[in-house]
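K.L.:
Structure in structure tokens, see below.
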Amino acid sequence: MQSMVSGNNSNSQGVGSNPTSEIDFYQWVSNLNSVESREKALLELCRMRESLQNFAPLLWHSYGTVTALLQEITAVYPYINPPNLTAHQSNRVCNALALLQCLASHPLTRSEFLKAQIPLYLYQFLNTSSQSRPFEYLRLTSLGVIGALAKTDEPDAISFLLNSEIIPLCLQIMESGLDYICQTYDRFSHVASILNAMVGQLVRERSIRLLKHVIRCYQRLADNPRKCFPTAFVDGTFNDLLAEEPATQRSLTLLIEQMNRPQISSNAAGVAPSAAADSVDNSGLKVNVNSNNDVGENIGDISNAGADNQ
């Protein structure tokens, strides 16, 4: 058998360059159809998903694979309300979600993935409110699947997301995350420092797509008096990029207006004010915005969620 595999190696480039990985793939896919061997198969397939060429198309067209993944997802529905999900159950379903994320992100499987309306199976996970770690992992990995669709900017994917109930659920999770970040200065400071580093990167690597998401993050953080604001937003550094996108230009203008409004003293909240938030001078920002311009709504990038919490 080994010699047969070696002899056919030149014809297997569409599957993978490593014949051992190819054999393992088909074995683990076969094991998905057995309840007894499915858990191990999920874990092993997750581990090889980045190393096997055309992993997503092979997975999608394998007999019974998608059905097995959906069975794993629906199997934990009864444990959502009341919230009785264990860490072991969460790890297992997160592995199934990670494989679905591969299907959502691959151009050869994304369309069929949407036609099958598989993202609708994630509603139950995104709608949970439990703060326990198993549910946090479940929401995070589910957001990874949605993010894989949103990142493509394909009309079909964006239309599906906008016409479904997924976006309100994602916004609800974002609100909870914002509240969590602003509970302590350390949490807020950590997020602010990362965003500030991203602005520094944008100064060197011009990207309007990333810029509009960073501005939106600062807009939300500016709702809280504990804030840090990069000078690159107010000294005209991004005027050339903003000229290409009036909606993002308008967002930055609104953000600066937010920053200039009188704020409740940070000391009243028991948090030391940031030195970077003492004052904001927007005289360097040259923005001409038509008052009739609509602020464009966009789907932000959702970081891919990892699957293995083993």
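Going by the structure tokens order, chains are called A, B, ..., each with residues numbered from 1, while ligands are numbered from 1 in the order shown.
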Applying 10 Å and only C-alpha atoms, which residues near Arg38 (chain A) remain after dropping the ones on its own chain fewer than 6 positions away? List them as number ranges by chain.
P.N.:
A: 28-32, 44, 68-69, 72, 92
K.L.:
Just write the chosen residues, N, CA and C atoms, as a JSON list (two decimals), in the first residue's frame.
P.N.:
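Final file, part-v7.json:
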[["chain", "number", "residue", "atom", "x", "y", "z"],
["A", 28, "TRP", "N", -9.55, 10.24, 8.98],
["A", 28, "TRP", "CA", -10.26, 11.01, 9.99],
["A", 28, "TRP", "C", -11.63, 11.46, 9.51],
["A", 29, "VAL", "N", -11.75, 11.76, 8.21],
["A", 29, "VAL", "CA", -13.05, 12.11, 7.65],
["A", 29, "VAL", "C", -14.01, 10.93, 7.76],
["A", 30, "SER", "N", -13.48, 9.73, 7.49],
["A", 30, "SER", "CA", -14.30, 8.53, 7.64],
["A", 30, "SER", "C", -14.74, 8.34, 9.09],
["A", 31, "ASN", "N", -13.84, 8.66, 10.02],
["A", 31, "ASN", "CA", -14.14, 8.50, 11.44],
["A", 31, "ASN", "C", -15.20, 9.49, 11.94],
["A", 32, "LEU", "N", -15.40, 10.58, 11.20],
["A", 32, "LEU", "CA", -16.43, 11.54, 11.59],
["A", 32, "LEU", "C", -17.83, 10.92, 11.58],
["A", 44, "GLU", "N", -8.17, 16.00, 15.26],
["A", 44, "GLU", "CA", -7.08, 15.77, 14.30],
["A", 44, "GLU", "C", -7.29, 16.56, 13.01],
["A", 68, "ALA", "N", -22.26, 15.60, 9.94],
["A", 68, "ALA", "CA", -21.64, 15.27, 11.23],
["A", 68, "ALA", "C", -21.30, 16.54, 12.01],
["A", 69, "LEU", "N", -20.80, 17.57, 11.31],
["A", 69, "LEU", "CA", -20.46, 18.82, 11.98],
["A", 69, "LEU", "C", -21.70, 19.51, 12.55],
["A", 72, "GLU", "N", -22.87, 17.85, 15.67],
["A", 72, "GLU", "CA", -22.09, 18.27, 16.84],
["A", 72, "GLU", "C", -22.61, 19.59, 17.40],
["A", 92, "ARG", "N", -15.25, 20.45, 22.20],
["A", 92, "ARG", "CA", -15.65, 19.58, 21.09],
["A", 92, "ARG", "C", -16.42, 20.34, 20.01]]
K.L.:
So which residues touch Arg139 (chain A) within 7 Å, counting only C-alpha atoms, skipping near sequence neighbours fewer than 3 positions away, as a list of chain:residue names?
P.N.:
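Once the adjacent positions are removed, what remains is A:Phe125, A:Leu126, A:Phe135, A:Glu136, A:Ser142, A:Leu143.
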K.L.:
Write the residues of the preceding selection, restricted to N, CA and C atoms, as a PDB file, in the first residue's frame.
P.N.:
ATOM      1  N   PHE A 125     -25.679  30.061  19.714  1.00  0.00           N
ATOM      2  CA  PHE A 125     -24.423  30.318  20.424  1.00  0.00           C
ATOM      3  C   PHE A 125     -24.191  31.808  20.625  1.00  0.00           C
ATOM      4  N   LEU A 126     -24.483  32.602  19.600  1.00  0.00           N
ATOM      5  CA  LEU A 126     -24.257  34.044  19.686  1.00  0.00           C
ATOM      6  C   LEU A 126     -25.245  34.723  20.619  1.00  0.00           C
ATOM      7  N   PHE A 135     -18.842  29.057  27.497  1.00  0.00           N
ATOM      8  CA  PHE A 135     -19.691  29.860  26.616  1.00  0.00           C
ATOM      9  C   PHE A 135     -18.898  30.973  25.933  1.00  0.00           C
ATOM     10  N   GLU A 136     -17.888  31.499  26.612  1.00  0.00           N
ATOM     11  CA  GLU A 136     -17.029  32.507  25.985  1.00  0.00           C
ATOM     12  C   GLU A 136     -16.323  31.916  24.764  1.00  0.00           C
ATOM     13  N   SER A 142     -17.650  31.051  17.237  1.00  0.00           N
ATOM     14  CA  SER A 142     -18.766  31.353  16.335  1.00  0.00           C
ATOM     15  C   SER A 142     -18.529  32.673  15.606  1.00  0.00           C
ATOM     16  N   LEU A 143     -18.003  33.659  16.326  1.00  0.00           N
ATOM     17  CA  LEU A 143     -17.672  34.936  15.690  1.00  0.00           C
ATOM     18  C   LEU A 143     -16.588  34.763  14.636  1.00  0.00           C
TER      19      LEU A 143
END
K.L.:
So that I can check the secondary structure, give me every residue of region 132-280 of chain A assigned alpha helix (DSSP H) by backbone DSSP, as a PyMOL selection string.
P.N.:
chain A and resi 133-150+155-162+166-181+185-204+208-221+239-242+246-260
K.L.:
Out of A:Pro246, A:Gly147, A:Pro134, A:Pro107, which residue has the shortest atom-to-atom distance to Pro119 (chain A) when counting only C-alpha atoms?
P.N.:
A:Gly147
K.L.:
Determine the nearest neighbour of Asp240 (chain A) from the options A:Asn91, A:Thr67, A:Gln201, A:Ser207, counting only C-alpha atoms.
P.N.:
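Looking at the shortest contact to Asp240 (chain A), the residue is A:Ser207.
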K.L.:
Write out as number ranges by chain each polymer residue whose atoms come within 12 Å of Tyr77 (chain A), counting only C-alpha atoms; drop sequence neighbours fewer than 5 positions from it.
P.N.:
A: 70-72, 82-85, 89-90, 93, 121-128, 135, 138
K.L.:
How would the residues just chosen look if you wrote them out with N, CA and C atoms as an mmCIF file, in the first residue's frame?
P.N.:
data_model
loop_
_atom_site.group_PDB
_atom_site.id
_atom_site.type_symbol
_atom_site.label_atom_id
_atom_site.label_comp_id
_atom_site.auth_asym_id
_atom_site.auth_seq_id
_atom_site.Cartn_x
_atom_site.Cartn_y
_atom_site.Cartn_z
ATOM 1 N N LEU A 70 -22.781 19.491 11.779
ATOM 2 C CA LEU A 70 -24.021 20.105 12.258
ATOM 3 C C LEU A 70 -24.626 19.310 13.413
ATOM 4 N N GLN A 71 -24.441 18.006 13.398
ATOM 5 C CA GLN A 71 -24.902 17.195 14.526
ATOM 6 C C GLN A 71 -24.164 17.574 15.805
ATOM 7 N N GLU A 72 -22.870 17.848 15.674
ATOM 8 C CA GLU A 72 -22.090 18.268 16.842
ATOM 9 C C GLU A 72 -22.605 19.591 17.397
ATOM 10 N N PRO A 82 -31.224 26.001 30.449
ATOM 11 C CA PRO A 82 -30.275 26.734 31.302
ATOM 12 C C PRO A 82 -28.830 26.408 30.937
ATOM 13 N N PRO A 83 -27.902 27.319 31.232
ATOM 14 C CA PRO A 83 -26.498 27.151 30.825
ATOM 15 C C PRO A 83 -25.771 26.065 31.622
ATOM 16 N N ASN A 84 -25.674 24.890 31.028
ATOM 17 C CA ASN A 84 -25.001 23.765 31.684
ATOM 18 C C ASN A 84 -23.877 23.192 30.832
ATOM 19 N N LEU A 85 -23.348 23.993 29.939
ATOM 20 C CA LEU A 85 -22.306 23.517 29.033
ATOM 21 C C LEU A 85 -20.992 23.311 29.780
ATOM 22 N N GLN A 89 -17.529 19.726 26.493
ATOM 23 C CA GLN A 89 -18.501 19.907 25.415
ATOM 24 C C GLN A 89 -18.154 21.118 24.558
ATOM 25 N N SER A 90 -17.724 22.190 25.210
ATOM 26 C CA SER A 90 -17.365 23.410 24.492
ATOM 27 C C SER A 90 -16.182 23.171 23.566
ATOM 28 N N VAL A 93 -17.392 21.138 20.419
ATOM 29 C CA VAL A 93 -18.166 21.881 19.436
ATOM 30 C C VAL A 93 -17.339 22.999 18.808
ATOM 31 N N TYR A 121 -27.156 28.169 12.089
ATOM 32 C CA TYR A 121 -26.977 27.244 13.208
ATOM 33 C C TYR A 121 -26.214 27.894 14.364
ATOM 34 N N LEU A 122 -25.596 29.053 14.105
ATOM 35 C CA LEU A 122 -24.798 29.714 15.141
ATOM 36 C C LEU A 122 -25.623 30.675 15.991
ATOM 37 N N TYR A 123 -26.864 30.927 15.600
ATOM 38 C CA TYR A 123 -27.700 31.866 16.343
ATOM 39 C C TYR A 123 -27.738 31.547 17.829
ATOM 40 N N GLN A 124 -27.963 30.282 18.134
ATOM 41 C CA GLN A 124 -28.103 29.882 19.531
ATOM 42 C C GLN A 124 -26.849 30.213 20.335
ATOM 43 N N PHE A 125 -25.679 30.061 19.714
ATOM 44 C CA PHE A 125 -24.423 30.318 20.424
ATOM 45 C C PHE A 125 -24.191 31.808 20.625
ATOM 46 N N LEU A 126 -24.483 32.602 19.600
ATOM 47 C CA LEU A 126 -24.257 34.044 19.686
ATOM 48 C C LEU A 126 -25.245 34.723 20.619
ATOM 49 N N ASN A 127 -26.359 34.082 20.861
ATOM 50 C CA ASN A 127 -27.412 34.670 21.686
ATOM 51 C C ASN A 127 -27.275 34.323 23.163
ATOM 52 N N THR A 128 -26.208 33.624 23.528
ATOM 53 C CA THR A 128 -26.009 33.267 24.934
ATOM 54 C C THR A 128 -25.453 34.458 25.707
ATOM 55 N N PHE A 135 -18.842 29.057 27.497
ATOM 56 C CA PHE A 135 -19.691 29.860 26.616
ATOM 57 C C PHE A 135 -18.898 30.973 25.933
ATOM 58 N N LEU A 138 -17.325 29.423 23.025
ATOM 59 C CA LEU A 138 -18.348 29.130 22.028
ATOM 60 C C LEU A 138 -18.680 30.374 21.209
#
K.L.:
Go through A:Ala104, A:Ser130, A:Val66, A:His213 one by one, measure the shortest atom-to-atom distance of each to Glu154 (chain A) using only C-alpha atoms, and give the residue with the smallest value.
P.N.:
A:Ala104
K.L.:
Taking into account only C-alpha atoms, which residue in the set A:Arg209, A:Gln219, A:Pro57, A:Asp153 is nearest to Glu244 (chain A)?
P.N.:
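Closest to Glu244 (chain A), using only C-alpha atoms: A:Arg209.
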K.L.:
Take CA of Pro230 (chain A) and CA of Val199 (chain A) and report the distance between them in Å, one decimal.
P.N.:
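Calculated distance between CA of Pro230 (chain A) and CA of Val199 (chain A) is 7.4 Å.
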K.L.:
Name the closest residue to Leu52 (chain A) among the candidates A:Tyr79, A:Ser21, A:Asp223, A:Gly64; distances are taken between atoms, counting only C-alpha atoms.
P.N.:
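Answer, going by the shortest atom-to-atom distance: A:Ser21.
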K.L.:
List the spatial neighbours of Tyr26 (chain A) as a list of chain:residue names - criterion: any atom at most 10 Å away, only C-alpha atoms, same-chain residues fewer than 6 positions off excluded.
P.N.:
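Near Tyr26 (chain A), the qualifying residues are A:Leu32, A:Leu45, A:Leu58, A:Leu59, A:Ser62.
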K.L.:
Can you work out the spacing between CA of Tyr63 (chain A) and CA of Leu114 (chain A) in Å, to one decimal?
P.N.:
18.8 Å
K.L.:
From the list A:Leu254, A:His190, A:Tyr185, A:Met174, which residue is nearest Ile215 (chain A) when using only C-alpha atoms?
P.N.:
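Of A:Leu254, A:His190, A:Tyr185, A:Met174, the one nearest Ile215 (chain A) is A:Leu254, counting only C-alpha atoms.
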K.L.:
Within 8 Å of Thr237 (chain A), counting only C-alpha atoms, which residues show up once you throw out same-chain ones fewer than 4 positions away? Write them as a PyMOL selection string, please.
P.N.:
chain A and resi 203+232-233
